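Asker: Okay, here's the structure, questions in a sec.
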Amino acid sequence: MWLLLTVGGLISALGTANGFFGKLTPESPEVTMNTSQMITYWGYPNEDYEVVTEDGYILEINRIPHGRKNSENTDAGFDVWLGNSRGNTYARRNIYYSPDSVEFWAFSFDEMAKYDLPATIEFIVKKTGQESLHYVGHSQGTTIGFIAFSTNPKLAKRIKTFYALAPVATVKYTKSLLNKLSLLPTFLFKIIFGNKIFYPHNFFDDFLATEVCSRQTLNKVCSNALFIMCGFDSQNLNMSRLDVYLSHNPAGTSVQNVLHWSQAVRSGEFQAFDWGSPVQNKMHYNQPTPPFYDVTAMRVPIAVWSGGNDWLADPHDVDLLLPKLSNVIYSKKIAPYNHLDFIWAMNAPQEIYNEIVSMIAGHSK
């Protein structure tokens with residue numbers, strides 16, 4: 001983002017005269033769409049729901065109940081649910097607190113695992129009548145899965161298989177910008193970033209997507225800025241969709257969540273958030289230090305896909321994680337993959353998604 005801000009400043013200083021940075025490539029209609037609109041845009045059925053967590057957060061979730069009708073391509077036909085974690089674009093409401101308040105943003109991935117994931121899964125179970133489901137998580141989606149399924153046995157029984165893409169537990173060896181952010185003392189971090197939302201998606205990001213990064217000459221610059229947190233694999237990025245990716249990412253989280261990740265970088269441990277003092281920790285955990293998360297306690301069958309060029313879920317951290325997982329049914333390392341390739345690499349269907357679909361289909365027989 002810092003590189004993008006620099007590029008944005010340059011555009012502002014020099015002006016945006018037509019042709020200066022090359023002609024503007026056509027803007028995708030998805031740039032201004034929400035999740036529901038994008039689902040229907042591609043011909044899939046969509047249903048919108050709201051999940052209310054035990055502590056009052058309202059999470060919007062989407063359901064794709066079946067495949068496309070009258071499609072030339074054969075869809076797998078699964079009942080797919082897309083969840084959200086508190087603080088992102090589609091989960092920024094609470095029945096008790098305003099998103100303008102500090103209280104609203106007093107959370108990290110601890111609360112996502114303790115409240116958001118269980119509430120979402122229980123909602124789906126009740127809505128569908130299914131007793132269990134398959135869980136697919138990427139990055140922090142795997143983190144909250146590791147926590148929830150190792151600390152909540154009742155919830156773990158709801159999961160047939162856990163499909164983990166770019167799994168993240170410890171981040172001791174991460175090469176991402178988290179390394180630099182972890183060097184900042186907490187008080188200085190809050191002076192710079194505040195104590196509410198971190199890295200929100202806003203008008204300026206939309207401007208970069210549509211007015212800056214859609215100009216052919218700057219595509220390379222913007223794609224590299226996108227990869228700063230996660231590693232480079234520009235050969236596997238569909239540049240024609242760059243405006244779509246940038247217009248929806250990042251989706252926002254709390255400053256506290258980033259502080260939690262910074263804590264994890266410094267400690268090298270998979271541990272709950274440190275509230276800053278033994279007294280505060282005692283109030284939250286009934287002990288003076290934050291508890292450690294024990295992934296060996298998770299019994300859910302898990303299939304893992306990791307990247308050899310992943311700066312965030314570094315291969316060294318993944319190698320430390322895998323032996324601790326007691327029920328690994330499949331593991332694959334994709335050598336050139338960075339952290340974002342798992343969600344938008346052009347060959348992701350061949351490398352990952354088709355395997356997941358086959359495994360789910362085989363489990364259903």
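As shown in the structure tokens, the chain order sets the letters A, B, ...; within each chain, residues go from 1, and ligands are also counted from 1 in the order they appear.
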Leaving out segment 45-62 of chain A and any residue of its chain fewer than 5 positions from it, which residues lie within 7 Å of it when counting only C-alpha atoms, given as a tab-separated table (two decimals) with N, CA, C and O atoms, in the first residue's frame?
Answerer:
```tsv
chain	number	residue	atom	x	y	z
A	36	SER	N	-22.65	-10.24	-3.66
A	36	SER	CA	-23.90	-10.78	-4.21
A	36	SER	C	-24.02	-10.49	-5.70
A	36	SER	O	-24.41	-11.37	-6.49
A	39	ILE	N	-21.63	-12.65	-7.77
A	39	ILE	CA	-22.09	-14.04	-7.90
A	39	ILE	C	-23.13	-14.16	-9.01
A	39	ILE	O	-23.03	-15.03	-9.88
A	40	THR	N	-24.11	-13.28	-9.00
A	40	THR	CA	-25.16	-13.33	-10.02
A	40	THR	C	-24.63	-12.92	-11.39
A	40	THR	O	-25.11	-13.40	-12.43
A	81	TRP	N	-21.18	-21.83	0.89
A	81	TRP	CA	-21.41	-20.68	1.75
A	81	TRP	C	-20.13	-19.88	1.88
A	81	TRP	O	-19.05	-20.44	2.11
A	82	LEU	N	-20.22	-18.56	1.73
A	82	LEU	CA	-19.07	-17.66	1.83
A	82	LEU	C	-19.21	-16.83	3.09
A	82	LEU	O	-20.14	-16.03	3.22
A	83	GLY	N	-18.30	-17.03	4.05
A	83	GLY	CA	-18.40	-16.34	5.32
A	83	GLY	C	-17.54	-15.09	5.39
A	83	GLY	O	-16.71	-14.82	4.51
A	84	ASN	N	-17.74	-14.31	6.44
A	84	ASN	CA	-16.96	-13.09	6.68
A	84	ASN	C	-16.58	-13.01	8.15
A	84	ASN	O	-17.30	-13.48	9.02
A	85	SER	N	-15.43	-12.38	8.41
A	85	SER	CA	-14.99	-12.14	9.78
A	85	SER	C	-15.20	-10.68	10.15
A	85	SER	O	-15.12	-9.80	9.29
A	86	ARG	N	-15.47	-10.44	11.40
A	86	ARG	CA	-15.72	-9.09	11.90
A	86	ARG	C	-14.66	-8.09	11.43
A	86	ARG	O	-13.47	-8.39	11.40
A	90	TYR	N	-17.88	-6.55	4.78
A	90	TYR	CA	-19.23	-7.10	4.93
A	90	TYR	C	-19.55	-7.51	6.37
A	90	TYR	O	-20.50	-8.27	6.61
A	91	ALA	N	-18.78	-7.03	7.31
A	91	ALA	CA	-19.03	-7.38	8.72
A	91	ALA	C	-18.63	-6.22	9.61
A	91	ALA	O	-17.79	-6.36	10.49
A	93	ARG	N	-20.82	-4.17	11.46
A	93	ARG	CA	-21.93	-3.72	12.29
A	93	ARG	C	-21.97	-4.54	13.57
A	93	ARG	O	-21.53	-5.68	13.60
A	94	ASN	N	-22.51	-3.93	14.62
A	94	ASN	CA	-22.66	-4.60	15.91
A	94	ASN	C	-23.91	-4.05	16.58
A	94	ASN	O	-24.21	-2.86	16.46
A	95	ILE	N	-24.65	-4.91	17.27
A	95	ILE	CA	-25.91	-4.47	17.87
A	95	ILE	C	-25.68	-3.62	19.12
A	95	ILE	O	-26.60	-2.95	19.59
A	96	TYR	N	-24.46	-3.62	19.65
A	96	TYR	CA	-24.15	-2.85	20.85
A	96	TYR	C	-23.26	-1.64	20.57
A	96	TYR	O	-23.40	-0.60	21.21
A	115	TYR	N	-15.99	-16.59	18.27
A	115	TYR	CA	-17.38	-16.19	18.04
A	115	TYR	C	-17.83	-16.29	16.57
A	115	TYR	O	-18.89	-16.85	16.29
A	116	ASP	N	-17.05	-15.73	15.65
A	116	ASP	CA	-17.50	-15.62	14.26
A	116	ASP	C	-17.67	-16.96	13.57
A	116	ASP	O	-18.72	-17.25	12.98
A	119	ALA	N	-20.51	-19.20	15.13
A	119	ALA	CA	-21.85	-18.67	14.82
A	119	ALA	C	-22.22	-18.94	13.37
A	119	ALA	O	-23.36	-19.30	13.06
A	120	THR	N	-21.26	-18.77	12.47
A	120	THR	CA	-21.52	-18.99	11.04
A	120	THR	C	-21.80	-20.45	10.76
A	120	THR	O	-22.76	-20.78	10.04
A	123	PHE	N	-25.18	-21.48	12.12
A	123	PHE	CA	-26.25	-20.92	11.29
A	123	PHE	C	-26.47	-21.79	10.05
A	123	PHE	O	-27.61	-22.11	9.68
```
Asker: List every residue of segment 278-336 of chain A that DSSP, applied to the backbone of this structure, assigns to helix (DSSP H, G or I), and report them as a PyMOL selection string.
Answerer: chain A and resi 278-285+295-297+315-324
Asker: At what distance in Å, to one decimal, does atom CA of Ser277 of chain A lie from atom CA of Phe198 of chain A?
Answerer: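 Atom CA of Phe198 of chain A sits 23.0 Å away from atom CA of Ser277 of chain A.
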Asker: In Å, rounded to a single decimal, give me how far atom CA of Pro167 of chain A is from atom CA of Val304 of chain A.
Answerer: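 Atom-to-atom, atom CA of Val304 of chain A and atom CA of Pro167 of chain A are spaced 7.3 Å apart.
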Asker: I want to know what sits within 9 Å of segment 326-335 of chain A, based on only C-alpha atoms, with residues of the same chain fewer than 5 positions away left out; could you give that as a list in words?
Answerer: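 After dropping sequence-adjacent residues, the list is Val295, Thr296, Ala297, Met298, Arg299, Val300, Pro301, Ile302, Ala303, Val304, Trp305, Ser306, Gly307, Gly308, Asn309, Pro315 and Glu351 of chain A.
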Asker: Just write the chosen residues, C-alpha atoms, as a PDB file, in the first residue's frame.
Answerer:
```
ATOM      1  CA  VAL A 295      -2.895 -27.482  17.169  1.00  0.00           C
ATOM      2  CA  THR A 296      -2.041 -31.057  18.195  1.00  0.00           C
ATOM      3  CA  ALA A 297      -5.430 -31.105  19.914  1.00  0.00           C
ATOM      4  CA  MET A 298      -7.235 -30.751  16.560  1.00  0.00           C
ATOM      5  CA  ARG A 299      -8.532 -34.102  15.303  1.00  0.00           C
ATOM      6  CA  VAL A 300     -10.345 -32.852  12.196  1.00  0.00           C
ATOM      7  CA  PRO A 301      -9.066 -34.444   8.949  1.00  0.00           C
ATOM      8  CA  ILE A 302      -7.062 -31.793   7.109  1.00  0.00           C
ATOM      9  CA  ALA A 303      -5.723 -31.368   3.564  1.00  0.00           C
ATOM     10  CA  VAL A 304      -2.999 -28.748   3.124  1.00  0.00           C
ATOM     11  CA  TRP A 305      -1.782 -26.735   0.147  1.00  0.00           C
ATOM     12  CA  SER A 306       1.232 -24.466   0.736  1.00  0.00           C
ATOM     13  CA  GLY A 307       3.441 -22.230  -1.389  1.00  0.00           C
ATOM     14  CA  GLY A 308       7.190 -22.388  -1.826  1.00  0.00           C
ATOM     15  CA  ASN A 309       7.387 -18.625  -2.431  1.00  0.00           C
ATOM     16  CA  PRO A 315       7.622 -22.685   4.108  1.00  0.00           C
ATOM     17  CA  GLU A 351      -3.294 -26.954  -8.849  1.00  0.00           C
TER      18      GLU A 351
END
```
Asker: Could you give me, as a PyMOL selection string, the residues within 9 Å of Lys172 of chain A, counting only C-alpha atoms and dropping anything in the same chain fewer than 5 positions from it?
Answerer: chain A and resi 264-269+314+316-317
Asker: Using only C-alpha atoms, which protein or nucleic acid residues come within 12 Å of segment 181-185 of chain A? Drop anything in the same chain fewer than 5 positions from it, and give the result as a list of chain:residue names.
Answerer: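 Returned residues: A:Val171, A:Lys172, A:Thr174, A:Lys175, A:Ser176, A:Lys190, A:Ile191, A:Ile192, A:Phe193, A:Met229, A:Val255, A:Val258, A:Leu259, A:His260, A:Trp261, A:Ser262, A:Gln263, A:Ala264, A:Val265, A:Arg266, A:Ser267, A:Gly268, A:Gly276.
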Asker: Would you save the residues of that selection, restricted to N, CA, C and O atoms, as a PDB file, in the first residue's frame?
Answerer:
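The file below, out21.pdb, is the result:
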```pdb
ATOM      1  N   VAL A 171       4.207 -17.399  12.710  1.00  0.00           N
ATOM      2  CA  VAL A 171       4.756 -16.571  11.623  1.00  0.00           C
ATOM      3  C   VAL A 171       6.188 -16.147  11.981  1.00  0.00           C
ATOM      4  O   VAL A 171       6.626 -15.038  11.694  1.00  0.00           O
ATOM      5  N   LYS A 172       6.902 -17.060  12.595  1.00  0.00           N
ATOM      6  CA  LYS A 172       8.270 -16.781  13.050  1.00  0.00           C
ATOM      7  C   LYS A 172       9.198 -16.423  11.895  1.00  0.00           C
ATOM      8  O   LYS A 172      10.077 -15.570  12.022  1.00  0.00           O
ATOM      9  N   THR A 174       8.215 -15.364   8.737  1.00  0.00           N
ATOM     10  CA  THR A 174       7.593 -14.576   7.689  1.00  0.00           C
ATOM     11  C   THR A 174       8.540 -13.515   7.134  1.00  0.00           C
ATOM     12  O   THR A 174       9.305 -12.895   7.868  1.00  0.00           O
ATOM     13  N   LYS A 175       8.476 -13.322   5.830  1.00  0.00           N
ATOM     14  CA  LYS A 175       9.291 -12.302   5.163  1.00  0.00           C
ATOM     15  C   LYS A 175       8.441 -11.105   4.744  1.00  0.00           C
ATOM     16  O   LYS A 175       8.909 -10.220   4.033  1.00  0.00           O
ATOM     17  N   SER A 176       7.186 -11.075   5.155  1.00  0.00           N
ATOM     18  CA  SER A 176       6.274 -10.027   4.732  1.00  0.00           C
ATOM     19  C   SER A 176       6.494  -8.743   5.524  1.00  0.00           C
ATOM     20  O   SER A 176       7.335  -8.671   6.419  1.00  0.00           O
ATOM     21  N   LYS A 190       0.092   2.554  17.670  1.00  0.00           N
ATOM     22  CA  LYS A 190      -1.222   3.178  17.829  1.00  0.00           C
ATOM     23  C   LYS A 190      -1.185   4.673  17.499  1.00  0.00           C
ATOM     24  O   LYS A 190      -2.190   5.239  17.057  1.00  0.00           O
ATOM     25  N   ILE A 191      -0.047   5.314  17.734  1.00  0.00           N
ATOM     26  CA  ILE A 191       0.088   6.727  17.347  1.00  0.00           C
ATOM     27  C   ILE A 191      -0.006   6.856  15.829  1.00  0.00           C
ATOM     28  O   ILE A 191      -0.654   7.757  15.297  1.00  0.00           O
ATOM     29  N   ILE A 192       0.618   5.908  15.128  1.00  0.00           N
ATOM     30  CA  ILE A 192       0.639   5.955  13.663  1.00  0.00           C
ATOM     31  C   ILE A 192      -0.690   5.509  13.057  1.00  0.00           C
ATOM     32  O   ILE A 192      -1.230   6.160  12.157  1.00  0.00           O
ATOM     33  N   PHE A 193      -1.235   4.404  13.566  1.00  0.00           N
ATOM     34  CA  PHE A 193      -2.404   3.784  12.932  1.00  0.00           C
ATOM     35  C   PHE A 193      -3.706   3.961  13.709  1.00  0.00           C
ATOM     36  O   PHE A 193      -4.767   3.551  13.236  1.00  0.00           O
ATOM     37  N   MET A 229       3.131  -7.717   0.514  1.00  0.00           N
ATOM     38  CA  MET A 229       2.875  -8.440   1.763  1.00  0.00           C
ATOM     39  C   MET A 229       3.110  -9.937   1.629  1.00  0.00           C
ATOM     40  O   MET A 229       3.338 -10.622   2.610  1.00  0.00           O
ATOM     41  N   VAL A 255      -6.862  -2.612  14.139  1.00  0.00           N
ATOM     42  CA  VAL A 255      -5.483  -2.372  14.549  1.00  0.00           C
ATOM     43  C   VAL A 255      -5.049  -3.453  15.535  1.00  0.00           C
ATOM     44  O   VAL A 255      -3.925  -3.953  15.486  1.00  0.00           O
ATOM     45  N   VAL A 258      -3.832  -6.572  13.830  1.00  0.00           N
ATOM     46  CA  VAL A 258      -2.478  -6.440  13.288  1.00  0.00           C
ATOM     47  C   VAL A 258      -1.450  -6.480  14.414  1.00  0.00           C
ATOM     48  O   VAL A 258      -0.371  -7.079  14.270  1.00  0.00           O
ATOM     49  N   LEU A 259      -1.789  -5.877  15.553  1.00  0.00           N
ATOM     50  CA  LEU A 259      -0.906  -5.956  16.718  1.00  0.00           C
ATOM     51  C   LEU A 259      -0.739  -7.404  17.180  1.00  0.00           C
ATOM     52  O   LEU A 259       0.342  -7.817  17.615  1.00  0.00           O
ATOM     53  N   HIS A 260      -1.810  -8.180  17.063  1.00  0.00           N
ATOM     54  CA  HIS A 260      -1.738  -9.595  17.440  1.00  0.00           C
ATOM     55  C   HIS A 260      -0.767 -10.331  16.515  1.00  0.00           C
ATOM     56  O   HIS A 260       0.054 -11.139  16.968  1.00  0.00           O
ATOM     57  N   TRP A 261      -0.852 -10.051  15.215  1.00  0.00           N
ATOM     58  CA  TRP A 261       0.067 -10.688  14.274  1.00  0.00           C
ATOM     59  C   TRP A 261       1.504 -10.225  14.509  1.00  0.00           C
ATOM     60  O   TRP A 261       2.444 -11.008  14.403  1.00  0.00           O
ATOM     61  N   SER A 262       1.675  -8.956  14.848  1.00  0.00           N
ATOM     62  CA  SER A 262       3.016  -8.450  15.165  1.00  0.00           C
ATOM     63  C   SER A 262       3.579  -9.157  16.394  1.00  0.00           C
ATOM     64  O   SER A 262       4.766  -9.496  16.453  1.00  0.00           O
ATOM     65  N   GLN A 263       2.725  -9.379  17.376  1.00  0.00           N
ATOM     66  CA  GLN A 263       3.108 -10.135  18.570  1.00  0.00           C
ATOM     67  C   GLN A 263       3.578 -11.535  18.186  1.00  0.00           C
ATOM     68  O   GLN A 263       4.585 -12.040  18.709  1.00  0.00           O
ATOM     69  N   ALA A 264       2.853 -12.163  17.256  1.00  0.00           N
ATOM     70  CA  ALA A 264       3.195 -13.517  16.821  1.00  0.00           C
ATOM     71  C   ALA A 264       4.541 -13.562  16.102  1.00  0.00           C
ATOM     72  O   ALA A 264       5.292 -14.531  16.230  1.00  0.00           O
ATOM     73  N   VAL A 265       4.842 -12.507  15.338  1.00  0.00           N
ATOM     74  CA  VAL A 265       6.142 -12.438  14.660  1.00  0.00           C
ATOM     75  C   VAL A 265       7.262 -12.364  15.689  1.00  0.00           C
ATOM     76  O   VAL A 265       8.273 -13.069  15.596  1.00  0.00           O
ATOM     77  N   ARG A 266       7.081 -11.506  16.688  1.00  0.00           N
ATOM     78  CA  ARG A 266       8.122 -11.315  17.701  1.00  0.00           C
ATOM     79  C   ARG A 266       8.336 -12.571  18.556  1.00  0.00           C
ATOM     80  O   ARG A 266       9.463 -12.937  18.868  1.00  0.00           O
ATOM     81  N   SER A 267       7.248 -13.225  18.927  1.00  0.00           N
ATOM     82  CA  SER A 267       7.353 -14.371  19.845  1.00  0.00           C
ATOM     83  C   SER A 267       7.638 -15.689  19.135  1.00  0.00           C
ATOM     84  O   SER A 267       8.226 -16.606  19.722  1.00  0.00           O
ATOM     85  N   GLY A 268       7.202 -15.787  17.885  1.00  0.00           N
ATOM     86  CA  GLY A 268       7.325 -17.050  17.169  1.00  0.00           C
ATOM     87  C   GLY A 268       6.362 -18.104  17.667  1.00  0.00           C
ATOM     88  O   GLY A 268       6.477 -19.286  17.324  1.00  0.00           O
ATOM     89  N   GLY A 276      -1.442  -6.697  27.377  1.00  0.00           N
ATOM     90  CA  GLY A 276      -0.494  -5.675  27.800  1.00  0.00           C
ATOM     91  C   GLY A 276      -0.066  -5.695  29.246  1.00  0.00           C
ATOM     92  O   GLY A 276       0.914  -5.049  29.613  1.00  0.00           O
TER      93      GLY A 276
END
```
Asker: I'd like the neighbourhood of His138 of chain A as an MDAnalysis selection string, where a residue qualifies if any of its atoms comes within 7 Å (using only C-alpha atoms), though same-chain residues fewer than 4 positions away should be ignored.
Answerer: chainID A and resid 142 164:167
Asker: Limited to C-alpha atoms, could you put the picked residues into a file as a CSV table (one decimal), in the first residue's frame?
Answerer:
```
chain,number,residue,atom,x,y,z
A,142,THR,CA,-7.0,-21.4,8.4
A,164,ALA,CA,-6.2,-25.4,4.4
A,165,LEU,CA,-4.8,-23.1,1.7
A,166,ALA,CA,-1.6,-21.2,2.7
A,167,PRO,CA,-2.0,-22.3,6.3
```
Asker: Ranking A:Gly87, A:His134, A:Gly43, A:Gln287 by minimum distance to Glu111 of chain A and counting only C-alpha atoms, which one comes first?
Answerer: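 Between A:Gly87, A:His134, A:Gly43, A:Gln287, the residue approaching Glu111 of chain A most closely is A:Gly87.
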Asker: From the options A:Leu237, A:Val102, A:Leu133, A:Ala361, which residue's atoms come nearest to Ile343 of chain A, counting only C-alpha atoms?
Answerer: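 Counting only C-alpha atoms, the residue closest to Ile343 of chain A is A:Leu237.
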Asker: Point out the residue among A:Ala156, A:Val357, A:Leu177, A:Ala348 with the least atom-to-atom distance to Gly77 of chain A, counting only C-alpha atoms.
Answerer: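 Looking only at the distances to Gly77 of chain A, the closest residue turns out to be A:Val357.
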Asker: Take atom CA of Asp75 of chain A and atom CA of Val136 of chain A and report the distance between them in Å, one decimal.
Answerer: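 Taking atom CA of Asp75 of chain A as the start and atom CA of Val136 of chain A as the end point, the length is 17.9 Å.
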Asker: Smallest atom-to-atom distance to Ser28 of chain A: which of A:Tyr135, A:Tyr245, A:Phe187, A:Tyr97, using only C-alpha atoms?
Answerer: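 When distances to Ser28 of chain A are compared using only C-alpha atoms, the smallest one comes from A:Tyr245.
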Asker: Give the answer as one residue: which of A:Met359, A:Ala345, A:Ala313, A:Leu322 has the shortest atom-to-atom distance to Met239 of chain A, using only C-alpha atoms?
Answerer: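 Among A:Met359, A:Ala345, A:Ala313, A:Leu322, it is A:Ala345 that comes nearest to Met239 of chain A.
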Asker: Among segment 112-157 of chain A, which residues does DSSP mark as strand (DSSP E) when it is run on the backbone? Keep the chain and numbering as in the structure and answer as a PyMOL selection string.
Answerer: chain A and resi 133-138
Asker: Now that the selection is made, can you save its residues with all heavy atoms as a CSV table (one decimal), in the first residue's frame?
Answerer:
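Produced file selection_27.csv, reproduced below:
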```csv
chain,number,residue,atom,x,y,z
A,133,LEU,N,-20.2,-30.3,7.7
A,133,LEU,CA,-19.8,-29.6,6.4
A,133,LEU,C,-18.3,-29.7,6.2
A,133,LEU,O,-17.5,-30.0,7.0
A,133,LEU,CB,-20.4,-28.2,6.3
A,133,LEU,CG,-20.2,-27.3,7.6
A,133,LEU,CD1,-18.7,-26.7,7.6
A,133,LEU,CD2,-21.1,-26.2,7.6
A,134,HIS,N,-17.9,-29.3,5.0
A,134,HIS,CA,-16.5,-29.2,4.6
A,134,HIS,C,-16.1,-27.7,4.8
A,134,HIS,O,-16.9,-26.8,4.4
A,134,HIS,CB,-16.3,-29.6,3.2
A,134,HIS,CG,-16.5,-31.1,2.9
A,134,HIS,ND1,-15.6,-32.0,3.1
A,134,HIS,CD2,-17.7,-31.7,2.5
A,134,HIS,CE1,-16.1,-33.2,2.8
A,134,HIS,NE2,-17.4,-33.0,2.4
A,135,TYR,N,-14.9,-27.5,5.4
A,135,TYR,CA,-14.5,-26.1,5.6
A,135,TYR,C,-13.2,-25.8,4.8
A,135,TYR,O,-12.2,-26.6,4.8
A,135,TYR,CB,-14.1,-25.9,7.1
A,135,TYR,CG,-13.6,-24.6,7.4
A,135,TYR,CD1,-14.4,-23.5,7.6
A,135,TYR,CD2,-12.2,-24.4,7.7
A,135,TYR,CE1,-13.9,-22.2,7.9
A,135,TYR,CE2,-11.7,-23.1,8.0
A,135,TYR,CZ,-12.6,-22.0,8.1
A,135,TYR,OH,-12.1,-20.8,8.4
A,136,VAL,N,-13.3,-24.8,4.0
A,136,VAL,CA,-12.2,-24.3,3.2
A,136,VAL,C,-11.7,-23.0,3.7
A,136,VAL,O,-12.5,-22.0,3.7
A,136,VAL,CB,-12.5,-24.2,1.7
A,136,VAL,CG1,-11.3,-23.8,0.8
A,136,VAL,CG2,-13.1,-25.5,1.1
A,137,GLY,N,-10.5,-22.9,4.1
A,137,GLY,CA,-9.9,-21.6,4.6
A,137,GLY,C,-8.6,-21.2,3.9
A,137,GLY,O,-7.8,-22.1,3.6
A,138,HIS,N,-8.4,-19.9,3.8
A,138,HIS,CA,-7.2,-19.4,3.2
A,138,HIS,C,-6.6,-18.4,4.2
A,138,HIS,O,-7.3,-17.6,4.8
A,138,HIS,CB,-7.4,-18.7,1.9
A,138,HIS,CG,-6.2,-17.9,1.4
A,138,HIS,ND1,-6.1,-16.6,1.5
A,138,HIS,CD2,-5.1,-18.3,0.8
A,138,HIS,CE1,-5.0,-16.2,1.0
A,138,HIS,NE2,-4.3,-17.2,0.5
```
Asker: I'd like the neighbourhood of Gln140 of chain A as a ChimeraX atom specification, where a residue qualifies if any of its atoms comes within 7 Å (using only C-alpha atoms), though same-chain residues fewer than 3 positions away should be ignored.
Answerer: /A:143-144,168
Asker: Identify which of the residues A:Ala76, A:Met112, A:Met283, A:Leu325 lies closest to Asn354 of chain A, counting only C-alpha atoms when measuring atom-to-atom distances.
Answerer: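 Using only C-alpha atoms, Asn354 of chain A sits closest to A:Ala76.
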